[in-house]
file target-v1.txt (compact mmCIF, C-alpha atoms)
# COMPACT_ATOMS: atom_id res chain seq x y z
CA ASP A 1 182.10 3.26 -7.26
CA GLY A 2 184.20 0.12 -7.24
CA GLY A 3 187.88 0.49 -6.56
CA ILE A 4 190.82 0.25 -4.22
CA THR A 5 191.25 2.60 -1.28
CA GLN A 6 194.61 3.14 0.36
CA SER A 7 195.03 5.10 3.57
CA PRO A 8 196.58 7.22 4.76
CA LYS A 9 197.88 9.18 1.79
CA TYR A 10 200.93 10.33 3.77
CA LEU A 11 202.53 8.56 6.76
CA PHE A 12 205.50 9.34 8.94
CA ARG A 13 207.40 6.74 10.90
CA LYS A 14 209.57 7.33 13.93
CA GLU A 15 212.69 5.32 14.69
CA GLY A 16 211.84 1.84 15.99
CA GLN A 17 208.15 2.18 15.23
CA ASN A 18 205.90 -0.21 13.33
CA VAL A 19 203.35 1.40 11.02
CA THR A 20 200.43 -0.14 9.13
CA LEU A 21 199.20 0.86 5.69
CA SER A 22 195.60 0.11 4.87
CA CYS A 23 194.31 -1.32 1.58
CA GLU A 24 190.61 -2.05 0.98
CA GLN A 25 188.94 -3.16 -2.25
CA ASN A 26 185.27 -3.56 -3.18
CA LEU A 27 185.91 -5.19 -6.55
CA ASN A 28 185.35 -8.71 -5.18
CA HIS A 29 188.86 -9.64 -6.35
CA ASP A 30 190.61 -12.71 -4.99
CA ALA A 31 194.20 -11.57 -5.55
CA MET A 32 195.84 -8.58 -3.84
CA TYR A 33 199.38 -7.23 -4.00
CA TRP A 34 201.71 -4.77 -2.28
CA TYR A 35 204.43 -2.97 -4.21
CA ARG A 36 207.14 -0.53 -3.26
CA GLN A 37 208.20 2.23 -5.67
CA ASP A 38 211.37 4.27 -5.23
CA PRO A 39 212.16 7.38 -7.35
CA GLY A 40 213.08 6.43 -10.89
CA GLN A 41 212.47 2.76 -10.16
CA GLY A 42 209.92 0.27 -11.29
CA LEU A 43 207.56 -1.42 -8.86
CA ARG A 44 208.98 -4.14 -6.63
CA LEU A 45 206.71 -6.79 -5.17
CA ILE A 46 206.61 -7.03 -1.37
CA TYR A 47 203.80 -9.57 -0.74
CA TYR A 48 200.82 -10.97 -2.58
CA SER A 49 197.76 -12.97 -1.64
CA GLN A 50 195.66 -15.23 -3.84
CA ILE A 51 192.93 -16.05 -1.32
CA VAL A 52 191.85 -15.23 2.21
CA ASN A 53 194.21 -16.47 4.95
CA ASP A 54 197.00 -17.09 2.47
CA PHE A 55 199.86 -14.87 1.29
CA GLN A 56 203.26 -15.25 -0.31
CA LYS A 57 206.51 -13.30 -0.07
CA GLY A 58 207.57 -11.23 -3.02
CA ASP A 59 211.04 -10.05 -3.95
CA ILE A 60 211.57 -7.67 -1.01
CA ALA A 61 209.52 -9.05 1.90
CA GLU A 62 212.14 -8.54 4.61
CA GLY A 63 211.03 -5.98 7.19
CA TYR A 64 207.37 -6.17 6.13
CA SER A 65 204.39 -8.25 7.24
CA VAL A 66 200.83 -8.67 5.93
CA SER A 67 197.56 -10.35 6.83
CA ARG A 68 194.53 -11.37 4.76
CA GLU A 69 191.72 -12.07 7.19
CA LYS A 70 189.04 -10.69 4.88
CA LYS A 71 188.73 -10.81 1.10
CA GLU A 72 188.46 -7.05 0.80
CA SER A 73 191.35 -6.10 3.10
CA PHE A 74 195.13 -6.58 2.80
CA PRO A 75 197.00 -4.38 5.31
CA LEU A 76 200.78 -3.99 5.17
CA THR A 77 202.89 -3.43 8.30
CA VAL A 78 206.28 -1.82 7.90
CA THR A 79 208.25 -3.05 10.89
CA SER A 80 211.22 -1.50 12.65
CA ALA A 81 213.37 -4.13 10.94
CA GLN A 82 212.89 -2.31 7.62
CA LYS A 83 215.83 0.11 7.76
CA ASN A 84 215.00 2.09 4.64
CA PRO A 85 211.20 2.40 4.57
CA THR A 86 210.95 5.76 2.79
CA ALA A 87 209.08 5.05 -0.45
CA PHE A 88 205.75 5.17 -2.25
CA TYR A 89 203.65 2.08 -1.47
CA LEU A 90 201.06 0.81 -3.91
CA CYS A 91 198.35 -1.76 -3.35
CA ALA A 92 196.75 -3.58 -6.27
CA SER A 93 194.17 -6.28 -6.90
CA SER A 94 193.13 -8.57 -9.74
CA VAL A 95 190.32 -11.04 -10.27
CA GLY A 96 192.75 -13.87 -9.70
CA LEU A 97 196.10 -15.39 -10.60
CA ALA A 98 195.21 -17.58 -13.54
CA GLY A 99 194.70 -17.55 -17.27
CA GLY A 100 192.49 -15.11 -19.09
CA ILE A 101 192.85 -11.40 -19.79
CA ALA A 102 190.27 -10.25 -17.27
CA LYS A 103 191.84 -12.19 -14.43
CA ASN A 104 195.28 -10.68 -14.91
CA ILE A 105 194.49 -6.97 -15.22
CA GLN A 106 195.71 -5.23 -12.11
CA TYR A 107 193.85 -2.32 -10.52
CA PHE A 108 195.80 0.04 -8.31
CA GLY A 109 195.05 2.29 -5.37
CA ALA A 110 196.29 5.89 -5.17
CA GLY A 111 199.25 4.98 -2.98
CA THR A 112 200.69 5.85 0.43
CA ARG A 113 203.86 7.90 0.74
CA LEU A 114 205.87 6.84 3.78
CA SER A 115 208.64 8.98 5.22
CA VAL A 116 210.91 8.62 8.22
CA LEU A 117 211.03 11.34 10.89
CA LYS B 1 214.08 -14.32 -13.51
CA GLN B 2 212.28 -11.97 -15.85
CA GLU B 3 213.92 -8.57 -16.38
CA VAL B 4 212.08 -5.72 -18.07
CA THR B 5 213.80 -2.71 -19.61
CA GLN B 6 212.19 0.44 -20.97
CA ILE B 7 213.83 2.82 -23.42
CA PRO B 8 213.97 5.78 -23.45
CA ALA B 9 213.80 6.74 -19.78
CA ALA B 10 212.42 10.15 -20.72
CA LEU B 11 210.89 11.65 -23.83
CA SER B 12 209.73 15.16 -24.73
CA VAL B 13 207.72 15.72 -27.90
CA PRO B 14 205.57 18.46 -29.42
CA GLU B 15 201.83 18.05 -29.46
CA GLY B 16 200.46 16.11 -32.42
CA GLU B 17 203.48 13.86 -32.89
CA ASN B 18 203.09 10.09 -33.19
CA LEU B 19 205.44 8.30 -30.81
CA VAL B 20 206.66 4.85 -29.82
CA LEU B 21 207.65 3.66 -26.36
CA ASN B 22 209.77 0.53 -26.13
CA CYS B 23 209.78 -2.32 -23.65
CA SER B 24 212.09 -5.35 -23.76
CA PHE B 25 212.02 -8.50 -21.63
CA THR B 26 214.53 -11.28 -21.13
CA ASP B 27 212.31 -14.36 -20.78
CA SER B 28 210.38 -15.17 -23.95
CA ALA B 29 208.15 -17.57 -21.97
CA ILE B 30 205.96 -14.62 -21.19
CA TYR B 31 202.27 -15.09 -20.48
CA ASN B 32 201.12 -11.51 -20.91
CA LEU B 33 202.43 -7.96 -21.19
CA GLN B 34 200.66 -4.98 -19.65
CA TRP B 35 201.09 -1.27 -20.24
CA PHE B 36 200.23 1.16 -17.46
CA ARG B 37 200.06 4.93 -17.08
CA GLN B 38 201.13 6.68 -13.88
CA ASP B 39 200.50 10.36 -13.20
CA PRO B 40 202.82 12.10 -10.67
CA GLY B 41 202.15 10.95 -7.12
CA LYS B 42 199.32 8.66 -8.21
CA GLY B 43 198.65 4.97 -8.65
CA LEU B 44 198.84 3.07 -11.93
CA THR B 45 196.09 2.78 -14.50
CA SER B 46 196.02 -0.23 -16.80
CA LEU B 47 196.01 0.82 -20.47
CA LEU B 48 196.36 -2.40 -22.44
CA LEU B 49 197.07 -6.07 -21.76
CA ILE B 50 198.34 -8.40 -24.48
CA GLN B 51 198.27 -12.13 -23.98
CA SER B 52 201.09 -14.23 -25.40
CA SER B 53 198.78 -15.61 -28.10
CA GLN B 54 198.04 -12.10 -29.37
CA ARG B 55 200.16 -9.75 -31.47
CA GLU B 56 198.56 -6.45 -30.55
CA GLN B 57 195.81 -4.62 -28.70
CA THR B 58 194.26 -1.26 -29.48
CA SER B 59 192.39 1.27 -27.40
CA GLY B 60 191.59 4.62 -28.96
CA ARG B 61 194.86 6.34 -29.91
CA LEU B 62 196.92 3.62 -28.22
CA ASN B 63 198.24 0.49 -29.86
CA ALA B 64 200.43 -2.05 -28.12
CA SER B 65 202.27 -4.86 -29.88
CA LEU B 66 204.05 -7.95 -28.59
CA ASP B 67 206.85 -9.89 -30.27
CA LYS B 68 207.82 -12.79 -28.05
CA SER B 69 210.60 -14.04 -30.34
CA SER B 70 212.50 -10.75 -30.08
CA GLY B 71 211.49 -10.07 -26.47
CA ARG B 72 209.92 -6.73 -27.29
CA SER B 73 206.73 -4.79 -26.87
CA THR B 74 205.94 -1.32 -28.15
CA LEU B 75 203.29 1.20 -27.18
CA TYR B 76 202.30 3.47 -30.04
CA ILE B 77 200.56 6.75 -29.20
CA ALA B 78 198.97 8.53 -32.13
CA ALA B 79 198.52 12.29 -32.34
CA SER B 80 199.93 12.95 -28.88
CA GLN B 81 198.28 15.52 -26.62
CA PRO B 82 199.49 17.41 -23.51
CA GLY B 83 197.10 15.25 -21.48
CA ASP B 84 199.18 12.20 -22.45
CA SER B 85 202.04 13.52 -20.29
CA ALA B 86 202.73 10.86 -17.67
CA THR B 87 205.03 7.94 -16.92
CA TYR B 88 204.30 4.78 -18.88
CA LEU B 89 205.29 1.44 -17.40
CA CYS B 90 205.26 -2.00 -18.93
CA ALA B 91 205.08 -5.24 -16.97
CA GLY B 92 205.59 -8.80 -18.14
CA SER B 93 204.08 -11.87 -16.47
CA GLY B 94 205.32 -15.43 -16.72
CA GLY B 95 203.76 -18.67 -15.52
CA SER B 96 203.17 -17.31 -12.01
CA TYR B 97 201.07 -14.47 -13.50
CA ILE B 98 202.92 -12.03 -11.21
CA PRO B 99 204.09 -9.04 -13.28
CA THR B 100 207.68 -7.76 -13.35
CA PHE B 101 207.76 -4.02 -13.97
CA GLY B 102 210.13 -1.87 -15.98
CA ARG B 103 211.29 1.50 -14.65
CA GLY B 104 209.04 3.43 -16.99
CA THR B 105 209.31 6.11 -19.65
CA SER B 106 208.52 9.66 -18.51
CA LEU B 107 206.67 11.40 -21.34
CA ILE B 108 206.13 15.14 -21.72
CA VAL B 109 203.97 16.40 -24.56
CA HIS B 110 204.34 20.16 -24.89
CA PRO B 111 201.82 22.42 -26.63
call {"tool": "encode", "arguments": {"input": "target-v1.txt", "output": "structure tokens"}}
result
Amino acid sequence: DGGITQSPKYLFRKEGQNVTLSCEQNLNHDAMYWYRQDPGQGLRLIYYSQIVNDFQKGDIAEGYSVSREKKESFPLTVTSAQKNPTAFYLCASSVGLAGGIAKNIQYFGAGTRLSVL
Amino acid sequence: KQEVTQIPAALSVPEGENLVLNCSFTDSAIYNLQWFRQDPGKGLTSLLLIQSSQREQTSGRLNASLDKSSGRSTLYIAASQPGDSATYLCAGSGGSYIPTFGRGTSLIVHP
């Protein structure tokens, strides 16, 4: 089955610790995204990537870092600089960032819930 | 910067009722508008995507419309069922094709 896999489902971070959230897709999509969702809030964009070895900051990139070394993988690191990391993190992908309905439909993973110990 | 607002924030209806969820956006230079469904603790599932050149899209009991001039989109759900209970989010994309999300409407359909 094609799709997006996020792991782990639940993650706990200690004070001063960096943690990495995994996102893997087998849809052969060029574009990948990371969003943060807080209770009662919409999704806010952290980072996105259009192609391998390239990524752009979203609206709330401070305290986060990403890499895109492979087309199918887009891991997100929540660094110790992110003072309020407790949230639900969602990874998504799309065919690309360009015109056409098919290219713009976003497919989401099941999410990772991060809490602070 | 695009802002997306969804009204109402929560809605409870009896099974079988036809209902309308509203989404408004501030920038009429919108490229497309997507509607998503999110079940509790889960990711989002794309329901419908309307391009700026289109007026509406239909999928089964769902119909989404787009009116760029008024900055509004609506999601119409016909003959609602308890299985339709979820949060519905809309997201508008401009020239960057990156969507801006609303906060969602939490829908409960009770038997």
call {"tool": "closest_residue", "arguments": {"input": "target-v1.txt", "among": "A:Thr20, A:Ser115, A:Asn26, A:Gln41", "to": "chain B", "atoms": "only C-alpha atoms"}}
result
A:Gln41
call {"tool": "closest_residue", "arguments": {"input": "target-v1.txt", "among": "A:Gln17, A:Ile4, A:Gln37, A:Ser22", "to": "Thr45 (chain B)", "atoms": "all atoms listed in the file"}}
result
A:Ile4
call {"tool": "interface_residues", "arguments": {"input": "target-v1.txt", "of": "chain B", "to": "chain A", "cutoff": "7 Å", "atoms": "all atoms listed in the file", "output": "PyMOL selection string"}}
result
chain B and resi 42-46+51+97+101-104
call {"tool": "atom_distance", "arguments": {"input": "target-v1.txt", "atom1": "CA of Ser106 (chain B)", "atom2": "CA of Trp35 (chain B)"}}
result
13.3 Å
call {"tool": "axis_aligned_box", "arguments": {"input": "target-v1.txt", "around": "region 68-81 of chain B", "padding_each_side": "5 Å", "output": "JSON"}}
result
{"center_x": 205.4, "center_y": 0.7, "center_z": -29.4, "size_x": 24.2, "size_y": 39.6, "size_z": 15.9}
call {"tool": "closest_residue", "arguments": {"input": "target-v1.txt", "among": "B:Gln57, B:Ser80, B:Ser73, B:Thr87", "to": "Val13 (chain B)", "atoms": "all atoms listed in the file"}}
result
B:Ser80
call {"tool": "residues_around", "arguments": {"input": "target-v1.txt", "residues": "Ser12 (chain B)", "least_positions_apart": "5", "cutoff": "9 Å", "atoms": "all atoms listed in the file", "output": "ChimeraX atom specification"}}
result
/B:106-110
call {"tool": "atom_distance", "arguments": {"input": "target-v1.txt", "atom1": "CA of Gln25 (chain A)", "atom2": "CA of Pro8 (chain A)"}}
result
14.7 Å
call {"tool": "atom_distance", "arguments": {"input": "target-v1.txt", "atom1": "CA of Leu75 (chain B)", "atom2": "CA of Ala29 (chain B)"}}
result
20.1 Å
call {"tool": "closest_residue", "arguments": {"input": "target-v1.txt", "among": "B:Thr5, B:Ser28, B:Gln34, B:Asn22", "to": "Ala91 (chain B)", "atoms": "all atoms listed in the file"}}
result
B:Gln34
call {"tool": "closest_residue", "arguments": {"input": "target-v1.txt", "among": "B:Leu49, B:Leu33, B:Leu62, B:Cys23", "to": "Asp84 (chain B)", "atoms": "all atoms listed in the file"}}
result
B:Leu62
call {"tool": "closest_residue", "arguments": {"input": "target-v1.txt", "among": "B:Thr74, B:Ser59, B:Gln38, B:Ser24", "to": "Gln2 (chain B)", "atoms": "all atoms listed in the file"}}
result
B:Ser24
call {"tool": "residues_around", "arguments": {"input": "target-v1.txt", "residues": "Phe25 (chain B)", "least_positions_apart": "6", "cutoff": "8 Å", "atoms": "all atoms listed in the file", "output": "PyMOL selection string"}}
result
chain B and resi 2-5+71-72+92
call {"tool": "residues_around", "arguments": {"input": "target-v1.txt", "residues": "region 69-73 of chain A", "least_positions_apart": "4", "cutoff": "6 Å", "atoms": "all atoms listed in the file", "output": "NGL selection string"}}
result
:A and (23-25 or 52-53)
call {"tool": "residues_around", "arguments": {"input": "target-v1.txt", "residues": "Ala61 (chain A)", "least_positions_apart": "5", "cutoff": "12 Å", "atoms": "only C-alpha atoms", "output": "MDAnalysis selection string"}}
result
chainID A and resid 33:36 44:48 55:56 66 76:79 81:82 85
call {"tool": "build_atoms", "arguments": {"input": "target-v1.txt", "residues": "region 30-41 of chain B", "atoms": "all heavy atoms", "output": "short mmCIF file (atom, residue, chain, number, x, y, z; two decimals), keeping the file's coordinate frame"}}
result
data_model
loop_
_atom_site.label_atom_id
_atom_site.label_comp_id
_atom_site.auth_asym_id
_atom_site.auth_seq_id
_atom_site.Cartn_x
_atom_site.Cartn_y
_atom_site.Cartn_z
N ILE B 30 206.78 -15.62 -21.84
CA ILE B 30 205.96 -14.62 -21.19
C ILE B 30 204.49 -14.97 -21.40
O ILE B 30 204.11 -15.42 -22.47
CB ILE B 30 206.30 -13.22 -21.74
CG1 ILE B 30 205.73 -12.11 -20.86
CG2 ILE B 30 205.84 -13.05 -23.18
CD1 ILE B 30 206.32 -10.74 -21.19
N TYR B 31 203.68 -14.76 -20.36
CA TYR B 31 202.27 -15.09 -20.48
C TYR B 31 201.48 -13.89 -20.98
O TYR B 31 200.60 -14.02 -21.82
CB TYR B 31 201.71 -15.57 -19.15
CG TYR B 31 200.26 -15.95 -19.26
CD1 TYR B 31 199.89 -17.16 -19.84
CD2 TYR B 31 199.26 -15.09 -18.83
CE1 TYR B 31 198.56 -17.49 -19.99
CE2 TYR B 31 197.93 -15.42 -18.97
CZ TYR B 31 197.59 -16.62 -19.54
OH TYR B 31 196.27 -16.95 -19.69
N ASN B 32 201.75 -12.73 -20.41
CA ASN B 32 201.12 -11.51 -20.91
C ASN B 32 201.99 -10.30 -20.65
O ASN B 32 202.95 -10.36 -19.86
CB ASN B 32 199.71 -11.31 -20.33
CG ASN B 32 199.72 -11.12 -18.82
OD1 ASN B 32 200.43 -10.28 -18.30
ND2 ASN B 32 198.89 -11.88 -18.12
N LEU B 33 201.67 -9.20 -21.31
CA LEU B 33 202.43 -7.96 -21.19
C LEU B 33 201.41 -6.84 -21.00
O LEU B 33 200.48 -6.70 -21.80
CB LEU B 33 203.26 -7.76 -22.46
CG LEU B 33 204.39 -6.71 -22.52
CD1 LEU B 33 203.86 -5.29 -22.46
CD2 LEU B 33 205.42 -6.94 -21.45
N GLN B 34 201.59 -6.08 -19.93
CA GLN B 34 200.66 -4.98 -19.65
C GLN B 34 201.37 -3.65 -19.79
O GLN B 34 202.55 -3.52 -19.41
CB GLN B 34 200.10 -5.08 -18.23
CG GLN B 34 199.26 -6.30 -17.95
CD GLN B 34 198.61 -6.26 -16.59
OE1 GLN B 34 197.73 -5.45 -16.34
NE2 GLN B 34 199.03 -7.16 -15.70
N TRP B 35 200.64 -2.66 -20.25
CA TRP B 35 201.09 -1.27 -20.24
C TRP B 35 200.22 -0.49 -19.28
O TRP B 35 199.00 -0.60 -19.28
CB TRP B 35 201.01 -0.67 -21.64
CG TRP B 35 202.11 -1.10 -22.56
CD1 TRP B 35 202.11 -2.14 -23.43
CD2 TRP B 35 203.40 -0.48 -22.69
NE1 TRP B 35 203.30 -2.22 -24.08
CE2 TRP B 35 204.11 -1.21 -23.66
CE3 TRP B 35 204.02 0.62 -22.07
CZ2 TRP B 35 205.42 -0.88 -24.03
CZ3 TRP B 35 205.32 0.95 -22.44
CH2 TRP B 35 206.00 0.21 -23.42
N PHE B 36 200.90 0.34 -18.46
CA PHE B 36 200.23 1.16 -17.46
C PHE B 36 200.62 2.62 -17.64
O PHE B 36 201.70 2.93 -18.15
CB PHE B 36 200.62 0.76 -16.04
CG PHE B 36 200.21 -0.62 -15.62
CD1 PHE B 36 201.02 -1.71 -15.90
CD2 PHE B 36 199.03 -0.83 -14.93
CE1 PHE B 36 200.66 -2.98 -15.50
CE2 PHE B 36 198.65 -2.09 -14.52
CZ PHE B 36 199.47 -3.17 -14.80
N ARG B 37 199.76 3.50 -17.16
CA ARG B 37 200.06 4.93 -17.08
C ARG B 37 200.08 5.33 -15.62
O ARG B 37 199.22 4.89 -14.83
CB ARG B 37 198.98 5.71 -17.83
CG ARG B 37 199.05 7.21 -17.60
CD ARG B 37 197.95 7.95 -18.27
NE ARG B 37 197.97 9.37 -17.86
CZ ARG B 37 197.75 10.38 -18.68
NH1 ARG B 37 197.44 10.17 -19.95
NH2 ARG B 37 197.80 11.63 -18.23
N GLN B 38 201.06 6.17 -15.24
CA GLN B 38 201.13 6.68 -13.88
C GLN B 38 201.32 8.20 -13.92
O GLN B 38 202.31 8.69 -14.47
CB GLN B 38 202.27 6.04 -13.09
CG GLN B 38 202.30 6.46 -11.63
CD GLN B 38 203.37 5.78 -10.81
OE1 GLN B 38 204.42 5.42 -11.33
NE2 GLN B 38 203.13 5.60 -9.51
N ASP B 39 200.38 8.92 -13.35
CA ASP B 39 200.50 10.36 -13.20
C ASP B 39 201.29 10.65 -11.92
O ASP B 39 201.31 9.83 -10.99
CB ASP B 39 199.12 11.01 -13.17
CG ASP B 39 198.43 10.91 -14.52
OD1 ASP B 39 198.90 11.60 -15.44
OD2 ASP B 39 197.47 10.14 -14.65
N PRO B 40 201.96 11.80 -11.83
CA PRO B 40 202.82 12.10 -10.67
C PRO B 40 202.10 11.93 -9.34
O PRO B 40 201.02 12.49 -9.12
CB PRO B 40 203.22 13.56 -10.92
CG PRO B 40 203.16 13.72 -12.39
CD PRO B 40 202.00 12.88 -12.84
N GLY B 41 202.69 11.15 -8.45
CA GLY B 41 202.15 10.95 -7.12
C GLY B 41 200.88 10.12 -7.07
O GLY B 41 200.20 10.10 -6.03
#
